[in-house]
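Source file: structure.csv. Holds: CSV, C-alpha atoms.
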chain,number,residue,atom,x,y,z
A,12,MET,CA,3.9,15.6,-37.2
A,13,ALA,CA,7.6,15.7,-36.8
A,14,ARG,CA,9.7,12.7,-37.8
A,15,ILE,CA,12.6,11.2,-35.9
A,16,ALA,CA,15.7,11.1,-38.1
A,17,ARG,CA,17.4,7.8,-39.0
A,18,HIS,CA,20.9,6.9,-37.9
A,19,THR,CA,23.6,8.8,-39.6
A,20,ALA,CA,27.4,8.5,-39.6
A,21,THR,CA,27.9,12.1,-38.5
A,22,VAL,CA,26.2,13.5,-35.5
A,23,THR,CA,25.3,17.1,-35.8
A,24,THR,CA,24.0,17.5,-32.2
A,25,THR,CA,26.1,16.2,-29.3
A,26,ALA,CA,25.0,15.8,-25.7
A,27,LYS,CA,26.3,14.0,-22.7
A,28,ARG,CA,24.5,11.0,-21.5
A,29,LEU,CA,22.1,11.7,-18.7
A,30,GLN,CA,22.3,9.7,-15.4
A,31,LEU,CA,18.8,8.4,-15.2
A,32,LYS,CA,17.4,7.3,-11.9
A,33,PRO,CA,15.8,3.8,-11.5
A,34,TYR,CA,12.5,5.3,-10.4
A,35,VAL,CA,9.9,7.8,-11.6
A,36,ARG,CA,8.2,10.5,-9.4
A,37,LEU,CA,4.5,10.9,-10.1
A,38,PRO,CA,1.7,12.7,-8.3
A,39,ARG,CA,-0.3,10.6,-5.8
A,40,ALA,CA,-3.6,12.1,-6.9
A,41,LEU,CA,-2.9,10.9,-10.5
A,42,LEU,CA,-2.0,7.4,-9.3
A,43,SER,CA,-5.1,7.0,-7.1
A,44,HIS,CA,-7.2,7.4,-10.3
A,45,PRO,CA,-5.0,5.7,-12.9
A,46,PRO,CA,-5.3,7.5,-16.2
A,47,ILE,CA,-5.1,4.2,-18.3
A,48,TRP,CA,-7.2,4.3,-21.5
A,49,ARG,CA,-9.3,1.3,-22.6
A,50,ARG,CA,-11.5,0.7,-25.6
A,51,HIS,CA,-14.7,1.7,-23.7
A,52,THR,CA,-13.0,4.8,-22.0
A,53,ASP,CA,-14.7,8.1,-22.6
A,54,ALA,CA,-12.5,10.3,-24.8
A,55,GLY,CA,-13.2,13.4,-22.6
A,56,LEU,CA,-11.2,11.9,-19.7
A,57,CYS,CA,-7.9,12.4,-21.7
A,58,TYR,CA,-6.5,9.0,-20.5
A,59,LEU,CA,-3.4,7.3,-21.9
A,60,PRO,CA,-2.8,3.8,-23.2
A,61,PRO,CA,-0.1,1.8,-21.4
A,62,PHE,CA,2.5,2.6,-24.1
A,63,GLU,CA,1.9,6.3,-24.0
A,64,PHE,CA,1.9,6.3,-20.2
A,65,GLY,CA,5.3,4.6,-20.3
A,66,ILE,CA,6.6,7.4,-22.7
A,67,MET,CA,5.2,10.0,-20.3
A,68,ALA,CA,7.0,8.4,-17.4
A,69,ALA,CA,10.2,8.3,-19.5
A,70,ALA,CA,9.9,12.0,-20.4
A,71,ILE,CA,9.5,12.8,-16.7
A,72,VAL,CA,12.6,10.8,-15.8
A,73,VAL,CA,14.6,12.4,-18.5
A,74,GLY,CA,13.4,15.9,-17.5
A,75,SER,CA,14.2,15.3,-13.9
A,76,ALA,CA,17.7,14.1,-14.7
A,77,GLN,CA,18.4,17.1,-16.9
A,78,TRP,CA,17.1,19.5,-14.1
A,79,HIS,CA,19.4,17.8,-11.5
A,80,ARG,CA,22.3,18.2,-13.9
A,81,ASP,CA,21.5,21.9,-14.5
A,82,ILE,CA,21.3,22.8,-10.9
A,83,SER,CA,24.5,20.8,-10.2
A,84,ALA,CA,26.4,22.7,-12.9
A,85,GLN,CA,25.1,26.0,-11.6
A,86,ALA,CA,26.0,25.1,-8.0
A,87,PHE,CA,29.5,24.0,-9.2
A,88,ARG,CA,30.1,27.4,-10.9
A,89,ALA,CA,28.9,29.3,-7.9
A,90,SER,CA,31.2,27.2,-5.6
A,91,GLY,CA,34.0,27.9,-8.0
A,92,LYS,CA,33.5,31.6,-7.7
A,93,GLN,CA,33.5,31.3,-3.9
A,94,GLN,CA,36.8,29.3,-4.1
A,95,LEU,CA,38.4,32.1,-6.1
A,96,LEU,CA,37.3,34.7,-3.5
A,97,LEU,CA,38.7,32.5,-0.8
A,98,HIS,CA,42.0,32.1,-2.7
A,99,ASP,CA,42.4,35.9,-3.0
A,100,LYS,CA,41.6,36.3,0.7
A,101,ILE,CA,44.2,33.7,1.7
A,102,ALA,CA,46.8,35.4,-0.6
A,103,ARG,CA,46.2,38.8,1.1
A,104,ASN,CA,46.4,37.3,4.5
A,105,ARG,CA,49.6,35.5,3.7
A,106,ALA,CA,51.1,38.7,2.3
A,107,ASN,CA,50.1,40.7,5.4
A,108,TYR,CA,51.4,37.9,7.6
A,109,ASP,CA,54.8,38.0,5.9
A,110,LEU,CA,54.9,41.8,6.3
A,111,GLU,CA,54.1,41.3,10.0
A,112,LEU,CA,50.9,43.2,9.7
A,113,PRO,CA,48.0,42.3,12.0
A,114,SER,CA,45.9,39.7,10.2
A,115,LYS,CA,44.6,36.2,10.6
A,116,PRO,CA,46.9,33.3,9.7
A,117,PRO,CA,46.3,31.9,6.3
A,118,PHE,CA,45.2,28.5,7.6
A,119,ASP,CA,43.4,27.3,10.7
A,120,GLY,CA,44.9,25.5,13.7
A,121,ARG,CA,44.9,22.1,12.1
A,122,ARG,CA,47.4,23.3,9.4
A,123,GLN,CA,45.4,22.2,6.4
A,124,THR,CA,47.0,22.4,3.0
A,125,SER,CA,45.5,24.7,0.5
A,126,GLN,CA,44.1,21.8,-1.5
A,127,GLU,CA,42.4,20.3,1.5
A,128,LEU,CA,41.0,23.7,2.4
A,129,PHE,CA,39.6,24.4,-1.0
A,130,GLU,CA,38.1,20.9,-1.4
A,131,LYS,CA,36.3,21.2,2.0
A,132,PHE,CA,35.2,24.7,1.4
A,133,GLY,CA,34.0,24.0,-2.2
A,134,ARG,CA,32.1,20.9,-1.2
A,135,ARG,CA,30.2,22.7,1.5
A,136,LYS,CA,29.4,25.6,-0.8
A,137,PHE,CA,28.4,23.3,-3.6
A,138,HIS,CA,25.9,21.4,-1.4
A,139,ARG,CA,24.4,24.6,0.0
A,140,SER,CA,24.0,26.2,-3.4
A,141,ARG,CA,22.5,23.0,-4.8
A,142,GLN,CA,20.0,22.7,-1.9
A,143,ARG,CA,18.9,26.3,-2.4
A,144,ARG,CA,18.2,25.7,-6.1
A,145,MET,CA,16.3,22.5,-5.3
A,146,GLN,CA,14.0,24.3,-2.9
A,147,LYS,CA,13.2,26.9,-5.5
A,148,GLY,CA,11.9,24.2,-7.9
A,149,PRO,CA,12.4,23.7,-11.6
A,150,PRO,CA,11.7,26.3,-14.2
A,151,SER,CA,8.6,26.4,-16.3
A,152,THR,CA,10.1,24.0,-18.9
A,153,VAL,CA,13.2,21.9,-18.8
A,154,ARG,CA,14.9,21.1,-22.1
A,155,ALA,CA,16.6,17.7,-22.4
A,156,GLU,CA,18.1,15.6,-25.3
A,157,VAL,CA,17.9,11.9,-25.3
A,158,THR,CA,17.9,9.0,-27.8
A,159,ALA,CA,14.7,7.3,-28.8
A,160,SER,CA,16.0,3.9,-27.5
A,161,THR,CA,16.6,5.5,-24.1
A,162,LEU,CA,13.1,6.7,-23.9
A,163,LEU,CA,11.8,3.2,-24.5
A,164,THR,CA,14.2,1.1,-22.4
A,165,CYS,CA,14.4,3.3,-19.3
A,166,VAL,CA,10.8,2.4,-18.4
A,167,GLY,CA,10.9,-1.2,-19.6
A,168,LEU,CA,9.6,-0.9,-23.2
A,169,HIS,CA,11.2,-2.9,-25.9
A,170,SER,CA,13.4,-1.0,-28.4
A,171,ASN,CA,12.0,-2.6,-31.5
A,172,GLY,CA,10.7,-1.2,-34.8
A,173,GLY,CA,7.1,-1.1,-33.8
A,174,ASN,CA,7.7,0.9,-30.7
A,175,HIS,CA,10.0,3.3,-32.6
A,176,ARG,CA,7.2,3.9,-35.1
A,177,ASP,CA,4.6,4.5,-32.3
A,178,LEU,CA,7.0,6.8,-30.4
A,179,GLU,CA,6.3,9.8,-32.6
A,180,ASN,CA,2.5,9.5,-32.1
A,181,ALA,CA,3.0,9.1,-28.3
A,182,LEU,CA,5.1,12.3,-28.1
A,183,ASP,CA,2.5,14.2,-30.1
A,184,ARG,CA,-0.2,12.9,-27.6
A,185,LEU,CA,1.9,14.2,-24.7
A,186,LEU,CA,1.5,17.7,-26.1
A,187,LYS,CA,-2.2,17.5,-24.9
A,188,PRO,CA,-3.6,17.4,-21.4
A,189,VAL,CA,-3.4,14.2,-19.4
A,190,SER,CA,-6.5,13.6,-17.3
A,191,ASP,CA,-7.2,16.9,-15.5
A,192,ARG,CA,-3.6,18.0,-15.6
A,193,PRO,CA,-1.7,20.2,-18.1
A,194,PRO,CA,0.4,18.5,-20.9
A,195,VAL,CA,3.6,16.8,-20.0
A,196,LEU,CA,5.6,18.2,-23.0
A,197,ALA,CA,5.6,21.8,-24.2
A,198,SER,CA,7.3,20.7,-27.5
A,199,TRP,CA,9.5,18.1,-28.9
A,200,GLU,CA,11.9,18.2,-31.9
A,201,PRO,CA,13.7,15.4,-33.7
A,202,LEU,CA,17.5,15.6,-34.0
A,203,ALA,CA,20.1,13.7,-35.9
A,204,ASN,CA,21.1,10.1,-35.0
A,205,LYS,CA,17.7,9.3,-33.6
A,206,ARG,CA,17.9,11.8,-30.8
A,207,VAL,CA,15.0,13.8,-29.5
A,208,ARG,CA,14.9,17.2,-27.8
A,209,LEU,CA,12.1,17.4,-25.2
A,210,GLU,CA,10.7,20.4,-23.3
A,211,VAL,CA,9.1,19.0,-20.2
A,212,HIS,CA,6.8,21.1,-18.0
A,213,GLY,CA,8.3,21.8,-14.6
A,214,SER,CA,5.1,21.0,-12.8
A,215,TRP,CA,5.4,17.3,-13.7
A,216,ILE,CA,9.0,17.2,-12.4
A,217,TYR,CA,8.4,18.9,-9.0
A,218,SER,CA,5.5,20.7,-7.3
A,219,ASP,CA,4.1,21.3,-3.9
A,220,GLU,CA,1.9,18.2,-3.7
A,221,PRO,CA,2.2,14.6,-2.5
A,222,PHE,CA,4.3,12.5,-4.8
A,223,LYS,CA,5.0,8.8,-5.0
A,224,TYR,CA,8.1,7.0,-6.2
A,225,LEU,CA,7.6,4.1,-8.6
A,226,PRO,CA,10.4,1.6,-9.4
A,227,LEU,CA,11.5,1.1,-13.0
A,228,PRO,CA,10.8,-0.8,-15.2
A,229,LEU,CA,7.0,-0.5,-15.0
A,230,PRO,CA,4.7,-3.6,-15.5
A,231,PHE,CA,3.3,-3.3,-19.0
A,232,ARG,CA,1.8,-6.8,-19.2
A,233,SER,CA,-1.7,-5.5,-19.6
A,234,ALA,CA,-3.8,-2.4,-18.9
A,235,SER,CA,-5.3,-4.0,-15.8
A,236,VAL,CA,-1.9,-4.9,-14.4
A,237,LEU,CA,-0.6,-1.4,-14.9
A,238,ALA,CA,-3.7,0.3,-13.5
A,239,LEU,CA,-3.8,-1.9,-10.4
A,240,PHE,CA,-0.1,-1.3,-9.8
A,241,LEU,CA,-0.6,2.5,-10.0
A,242,PHE,CA,-3.5,2.3,-7.6
A,243,LEU,CA,-1.6,0.2,-5.1
A,244,SER,CA,1.4,2.6,-5.3
A,245,SER,CA,-0.9,5.5,-4.3
A,246,LEU,CA,-2.0,3.8,-1.0
A,247,GLN,CA,-0.6,4.8,2.4
A,248,TRP,CA,1.0,1.9,4.2
A,249,THR,CA,1.4,1.5,8.0
A,250,ASN,CA,3.3,-1.6,9.0
A,251,GLY,CA,2.3,-3.3,5.8
A,252,THR,CA,-1.4,-2.5,6.2
A,253,ASN,CA,-3.6,-0.1,4.4
A,254,LYS,CA,-6.1,1.2,6.9
A,255,HIS,CA,-8.6,2.4,4.2
A,256,ASN,CA,-10.9,0.0,2.4
A,257,ILE,CA,-12.7,0.5,-0.9
A,258,SER,CA,-15.8,-1.1,-2.4
A,259,PHE,CA,-15.5,-3.5,-5.3
A,260,VAL,CA,-17.6,-1.2,-7.5
A,261,ALA,CA,-15.4,1.8,-6.8
A,262,LEU,CA,-12.3,-0.2,-7.3
A,263,PHE,CA,-13.5,-1.5,-10.7
A,264,GLU,CA,-14.4,2.0,-11.8
A,265,ARG,CA,-10.9,3.3,-10.8
A,266,LEU,CA,-9.2,0.5,-12.7
A,267,GLY,CA,-11.5,1.2,-15.8
A,268,LEU,CA,-13.3,-2.2,-15.7
A,269,ARG,CA,-16.9,-2.3,-16.8
A,270,HIS,CA,-18.7,-3.8,-13.8
A,271,ARG,CA,-22.1,-3.4,-15.4
A,272,LYS,CA,-21.3,-5.4,-18.5
A,273,GLN,CA,-19.2,-8.1,-16.9
A,274,GLY,CA,-20.1,-10.5,-14.1
A,275,TYR,CA,-18.7,-10.2,-10.5
A,276,ASP,CA,-16.8,-13.5,-10.8
A,277,ARG,CA,-15.1,-12.6,-14.0
A,278,LEU,CA,-14.0,-9.2,-12.6
A,279,SER,CA,-12.7,-10.9,-9.4
A,280,ASN,CA,-10.8,-13.3,-11.5
A,281,THR,CA,-9.3,-10.5,-13.5
A,282,LEU,CA,-8.3,-8.7,-10.3
A,283,ASN,CA,-6.7,-11.8,-8.8
A,284,ILE,CA,-4.7,-12.5,-12.0
A,285,ALA,CA,-3.5,-8.9,-12.2
A,286,LEU,CA,-2.4,-9.1,-8.5
A,287,GLN,CA,-0.4,-12.3,-9.2
A,288,HIS,CA,1.4,-10.7,-12.1
A,289,ILE,CA,2.2,-7.7,-9.9
A,290,ASN,CA,3.7,-9.9,-7.2
A,291,THR,CA,5.7,-11.7,-9.9
A,292,TYR,CA,6.9,-8.3,-11.2
A,293,LEU,CA,7.9,-7.1,-7.7
A,294,ALA,CA,9.9,-10.3,-7.1
A,295,SER,CA,11.8,-9.8,-10.3
A,296,LEU,CA,12.9,-6.2,-9.7
A,297,PRO,CA,16.7,-5.8,-9.7
A,298,ASP,CA,18.2,-5.3,-6.3
A,299,GLY,CA,20.2,-2.3,-7.6
A,300,ASN,CA,17.0,-0.5,-8.4
A,301,LEU,CA,15.5,-1.1,-4.9
A,302,LYS,CA,18.5,0.4,-3.1
A,303,ALA,CA,17.1,3.9,-3.9
A,304,LEU,CA,13.6,2.8,-2.9
A,305,PRO,CA,13.7,0.8,0.4
A,306,ARG,CA,9.9,1.1,1.0
A,307,VAL,CA,8.8,-0.8,-2.1
A,308,VAL,CA,6.3,-3.5,-1.1
A,309,ALA,CA,7.5,-7.1,-1.6
A,310,HIS,CA,4.1,-8.8,-1.8
A,311,TYR,CA,0.4,-7.7,-2.0
A,312,GLU,CA,-2.6,-9.5,-0.7
A,313,ILE,CA,-6.4,-9.0,-0.9
A,314,LYS,CA,-8.5,-9.1,2.2
A,315,PRO,CA,-12.3,-9.2,1.4
A,316,LEU,CA,-14.6,-7.3,3.8
A,317,GLY,CA,-18.1,-8.0,2.7
A,318,ASP,CA,-18.8,-5.8,-0.3
A,319,LYS,CA,-15.5,-4.0,0.3
A,320,VAL,CA,-11.8,-5.0,-0.1
A,321,GLN,CA,-8.7,-4.1,1.8
A,322,PHE,CA,-5.1,-4.5,0.4
A,323,LEU,CA,-2.3,-5.8,2.6
A,324,GLY,CA,1.4,-5.3,1.7
A,325,GLN,CA,4.5,-7.0,3.1
A,326,PRO,CA,7.4,-4.6,3.3
A,327,ARG,CA,10.8,-5.7,2.2
A,328,ARG,CA,12.4,-4.6,5.4
A,329,LEU,CA,9.9,-6.7,7.4
A,330,GLU,CA,10.6,-9.7,5.2
A,331,GLU,CA,14.3,-9.3,5.7
A,332,ARG,CA,13.8,-9.0,9.5
A,333,ARG,CA,11.7,-12.2,9.6
A,334,GLU,CA,14.3,-14.1,7.6
A,335,MET,CA,17.0,-13.0,10.0
A,336,GLU,CA,14.9,-14.0,13.0
A,337,GLU,CA,14.2,-17.4,11.5
A,338,HIS,CA,17.9,-17.8,10.8
A,339,LEU,CA,18.8,-16.9,14.4
A,340,ALA,CA,16.1,-19.3,15.7
A,341,ASP,CA,17.6,-22.1,13.6
A,342,ILE,CA,21.1,-21.4,14.9
A,343,ALA,CA,19.8,-21.5,18.5
A,344,GLU,CA,17.9,-24.7,17.9
A,345,LEU,CA,21.0,-26.4,16.3
A,346,ALA,CA,23.2,-25.1,19.1
A,347,HIS,CA,20.8,-26.6,21.7
A,348,ASP,CA,20.5,-30.0,19.9
A,349,GLN,CA,24.0,-30.5,18.4
A,350,PRO,CA,26.4,-28.0,19.9
A,351,ASP,CA,29.6,-29.6,18.5
A,352,GLU,CA,28.8,-29.9,14.8
A,353,SER,CA,29.6,-26.4,13.5
A,354,GLU,CA,32.1,-23.7,14.6
A,355,GLU,CA,29.7,-21.0,13.7
A,356,ILE,CA,27.0,-22.5,15.9
A,357,ASP,CA,29.4,-22.9,18.7
A,358,ALA,CA,30.6,-19.3,18.5
A,359,ALA,CA,27.1,-18.0,18.5
A,360,ALA,CA,26.1,-20.2,21.5
A,361,GLN,CA,29.3,-19.2,23.4
A,362,TRP,CA,28.7,-15.5,22.7
A,363,TYR,CA,25.1,-15.8,24.0
A,364,GLN,CA,26.3,-17.7,27.2
A,365,GLU,CA,29.0,-15.1,27.8
A,366,LEU,CA,26.5,-12.3,27.5
A,367,LYS,CA,24.1,-14.0,29.9
A,368,GLN,CA,26.9,-14.7,32.4
A,369,ALA,CA,28.1,-11.1,32.3
A,370,HIS,CA,24.6,-9.9,33.0
A,371,GLN,CA,24.2,-12.3,36.0
A,372,ASP,CA,27.6,-11.2,37.4
A,373,ARG,CA,26.5,-7.5,37.3
A,374,GLN,CA,23.3,-8.4,39.1
A,375,ARG,CA,25.2,-10.3,41.8
A,376,ARG,CA,27.7,-7.5,42.3
A,377,ARG,CA,24.9,-5.0,42.6
A,378,GLU,CA,23.1,-7.2,45.2
A,379,ARG,CA,26.3,-7.6,47.3
A,380,GLU,CA,26.9,-3.8,47.3
A,381,LEU,CA,23.3,-3.2,48.4
A,382,GLU,CA,23.6,-5.8,51.2
A,383,ARG,CA,27.0,-4.4,52.3
A,384,GLN,CA,25.6,-0.9,52.5
A,385,ARG,CA,22.5,-2.1,54.4
A,386,ILE,CA,24.7,-3.8,57.0
A,387,LYS,CA,26.9,-0.7,57.4
A,388,ASP,CA,23.9,1.6,57.8
A,389,GLN,CA,22.4,-0.8,60.4
A,390,GLU,CA,25.6,-0.8,62.4
A,391,ALA,CA,25.9,3.0,62.3
A,392,GLU,CA,22.3,3.3,63.4
A,393,ASP,CA,22.8,1.0,66.3
A,394,GLU,CA,25.8,3.1,67.4
A,395,GLY,CA,24.0,6.4,66.9
A,396,ASP,CA,26.2,7.7,64.2
A,397,PHE,CA,24.0,7.0,61.2
A,398,GLN,CA,24.0,9.7,58.5
A,399,PRO,CA,21.8,9.2,55.5
A,400,ARG,CA,23.4,9.7,52.2
A,401,SER,CA,20.7,11.8,50.5
A,402,ALA,CA,20.2,15.5,51.3
A,403,VAL,CA,16.5,15.0,51.9
A,404,ALA,CA,17.0,12.2,54.4
A,405,GLN,CA,19.6,14.3,56.2
A,406,ARG,CA,17.2,17.3,56.5
A,407,LEU,CA,14.4,15.0,57.9
A,408,LEU,CA,16.9,13.5,60.4
A,409,ARG,CA,17.8,17.0,61.7
A,410,GLN,CA,14.1,18.0,62.0
A,411,ASN,CA,13.4,14.8,64.1
A,412,THR,CA,16.4,15.4,66.4
Would you kindly transcribe this structure into structure tokens?
Amino acid sequence: MARIARHTATVTTTAKRLQLKPYVRLPRALLSHPPIWRRHTDAGLCYLPPFEFGIMAAAIVVGSAQWHRDISAQAFRASGKQQLLLHDKIARNRANYDLELPSKPPFDGRRQTSQELFEKFGRRKFHRSRQRRMQKGPPSTVRAEVTASTLLTCVGLHSNGGNHRDLENALDRLLKPVSDRPPVLASWEPLANKRVRLEVHGSWIYSDEPFKYLPLPLPFRSASVLALFLFLSSLQWTNGTNKHNISFVALFERLGLRHRKQGYDRLSNTLNIALQHINTYLASLPDGNLKALPRVVAHYEIKPLGDKVQFLGQPRRLEERREMEEHLADIAELAHDQPDESEEIDAAAQWYQELKQAHQDRQRRRERELERQRIKDQEAEDEGDFQPRSAVAQRLLRQNT
């Protein structure tokens, strides 16, 4: 087993710090059957304890960040070559233009400067090249370098001595299959200054199958909390409701709880406590991490259906909309009861009255125009000079006459 080197004054291997995302991308099929190991779990299932599952998520986050950096560097070099070709083309056109030879002007009709033209052209080429490389997918393995503390802290694990000692065993475990899937790591190597070089399999970073985004940090309070959170993250939500229900026995089996050895009341209590911890965890997530994941559920609820159960989730956007509606309702009520207490309430009430008055004025003008046209048509019909405005009505009039 390899050993992670201690901190040294001189760093033999240097690497730029990766820009890690505040979420991890995991296969939905893996989350629907959480691979969380317990003391009674069969060894043939190849499940992971919560700590090793967190290191697996950290390795995937680091590999994904390294892959995005690689394709961005490749796209930047490709766009730079295109800029050089464009520069040579503009130079030739300018030379021909000075010699009064037939050629296109060096710039377009907007008279862009050369710097503006190169920036716009390079930005467009960069995004196109990066998108093409994204669609091709990652290579078989992605090599990344990161510190041991970053592997722990990026998913919410404490960077203490015990976790650092267990990190080496966790990395060795990730060299083996996880559940029914291939290993996460192809190899890992310790470097100087407590840095680690990882080779992450590309199939864990991106593949053609449904994936789910989980916010970071993950809830590591207990194995039951983590397993239930993974299962809830795999559900499909429609307006805050999961249309599919699951029996209690099947749910306990997926979460790894022994429903044969323990009573129903004890398992239900364990499920309710785990759900309470998950709701507390969701409420404590940083707002900055949720900007990249606007669909994270704000609150979960359990709806018993006989021997089955259905989970309900309250989306954060729905919660924000309800708060805004309640705020507007309070403003309207205060404006109706006490219109002279606040300038903000007066402005809101005045804006609403002006909008309502403008709508009524448009309705009155429309009614007056219709009445005026009706009277004019009636007078013309009485005099025998009535001509309908529509072509169909004029054709019918000619047929009758």
request  = Figure out the distance between CA of Pro201 in chain A and CA of Ile15 in chain A, please, to one decimal in Å.
outcome  = 4.9 Å
key: Selected residue of minimal separation from Arg269 in chain A among A:Arg134, A:Leu293, A:Trp199, A:Thr281, counting only C-alpha atoms   =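 Residue with the minimum atom-to-atom distance to Arg269 in chain A: A:Thr281.
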inquiry  = Nearest residue to Glu63 in chain A out of A:Gln247, A:Asn283, A:Asn171, A:Asn180, using all atoms listed in the file?
reply    =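 Of A:Gln247, A:Asn283, A:Asn171, A:Asn180, the one nearest Glu63 in chain A, counting all atoms listed in the file, is A:Asn180.
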key: Atom pair CA of Gln321 in chain A / CA of Asn256 in chain A: separation (Å)   =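 Taking CA of Gln321 in chain A and CA of Asn256 in chain A, their separation equals 4.7 Å.
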message = Excluding Ile313 in chain A and its own-chain neighbours fewer than 4 positions away, which residues fall within 10 Å of it when counting all atoms listed in the file? Please give them as a ChimeraX atom specification.
response = /A:282-283,286,320-324
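Using only C-alpha atoms, the protein and nucleic acid residues lying at most 10 Å from the point (29.2, 24.2, -0.2) are A:Ala86, A:Phe87, A:Ala89, A:Ser90, A:Gly91, A:Gln93, A:Gln94, A:Glu130, A:Lys131, A:Phe132, A:Gly133, A:Arg134, A:Arg135, A:Lys136, A:Phe137, A:His138, A:Arg139, A:Ser140, A:Arg141, A:Gln142.
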Export C-alpha atoms of the chosen residues as a compact mmCIF listing (two decimals), in the coordinates of the input?
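File written: result.txt
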# COMPACT_ATOMS: atom_id res chain seq x y z
CA ALA A 86 26.00 25.10 -8.00
CA PHE A 87 29.50 24.00 -9.20
CA ALA A 89 28.90 29.30 -7.90
CA SER A 90 31.20 27.20 -5.60
CA GLY A 91 34.00 27.90 -8.00
CA GLN A 93 33.50 31.30 -3.90
CA GLN A 94 36.80 29.30 -4.10
CA GLU A 130 38.10 20.90 -1.40
CA LYS A 131 36.30 21.20 2.00
CA PHE A 132 35.20 24.70 1.40
CA GLY A 133 34.00 24.00 -2.20
CA ARG A 134 32.10 20.90 -1.20
CA ARG A 135 30.20 22.70 1.50
CA LYS A 136 29.40 25.60 -0.80
CA PHE A 137 28.40 23.30 -3.60
CA HIS A 138 25.90 21.40 -1.40
CA ARG A 139 24.40 24.60 0.00
CA SER A 140 24.00 26.20 -3.40
CA ARG A 141 22.50 23.00 -4.80
CA GLN A 142 20.00 22.70 -1.90
query = Which of these, A:Ala181, A:Ile47, A:Ile284, A:Leu41, has the shortest distance to Pro61 in chain A once you count all atoms listed in the file?
reply = A:Ile47
task = Pick out the residues sitting within 9 Å of range 209-224 of chain A, and hand them over as an MDAnalysis selection string; count all atoms listed in the file, and ignore anything fewer than 3 positions along from it in its own chain.
result = chainID A and resid 34:40 42 70:75 78 148:157 193:201 244:245 304 307
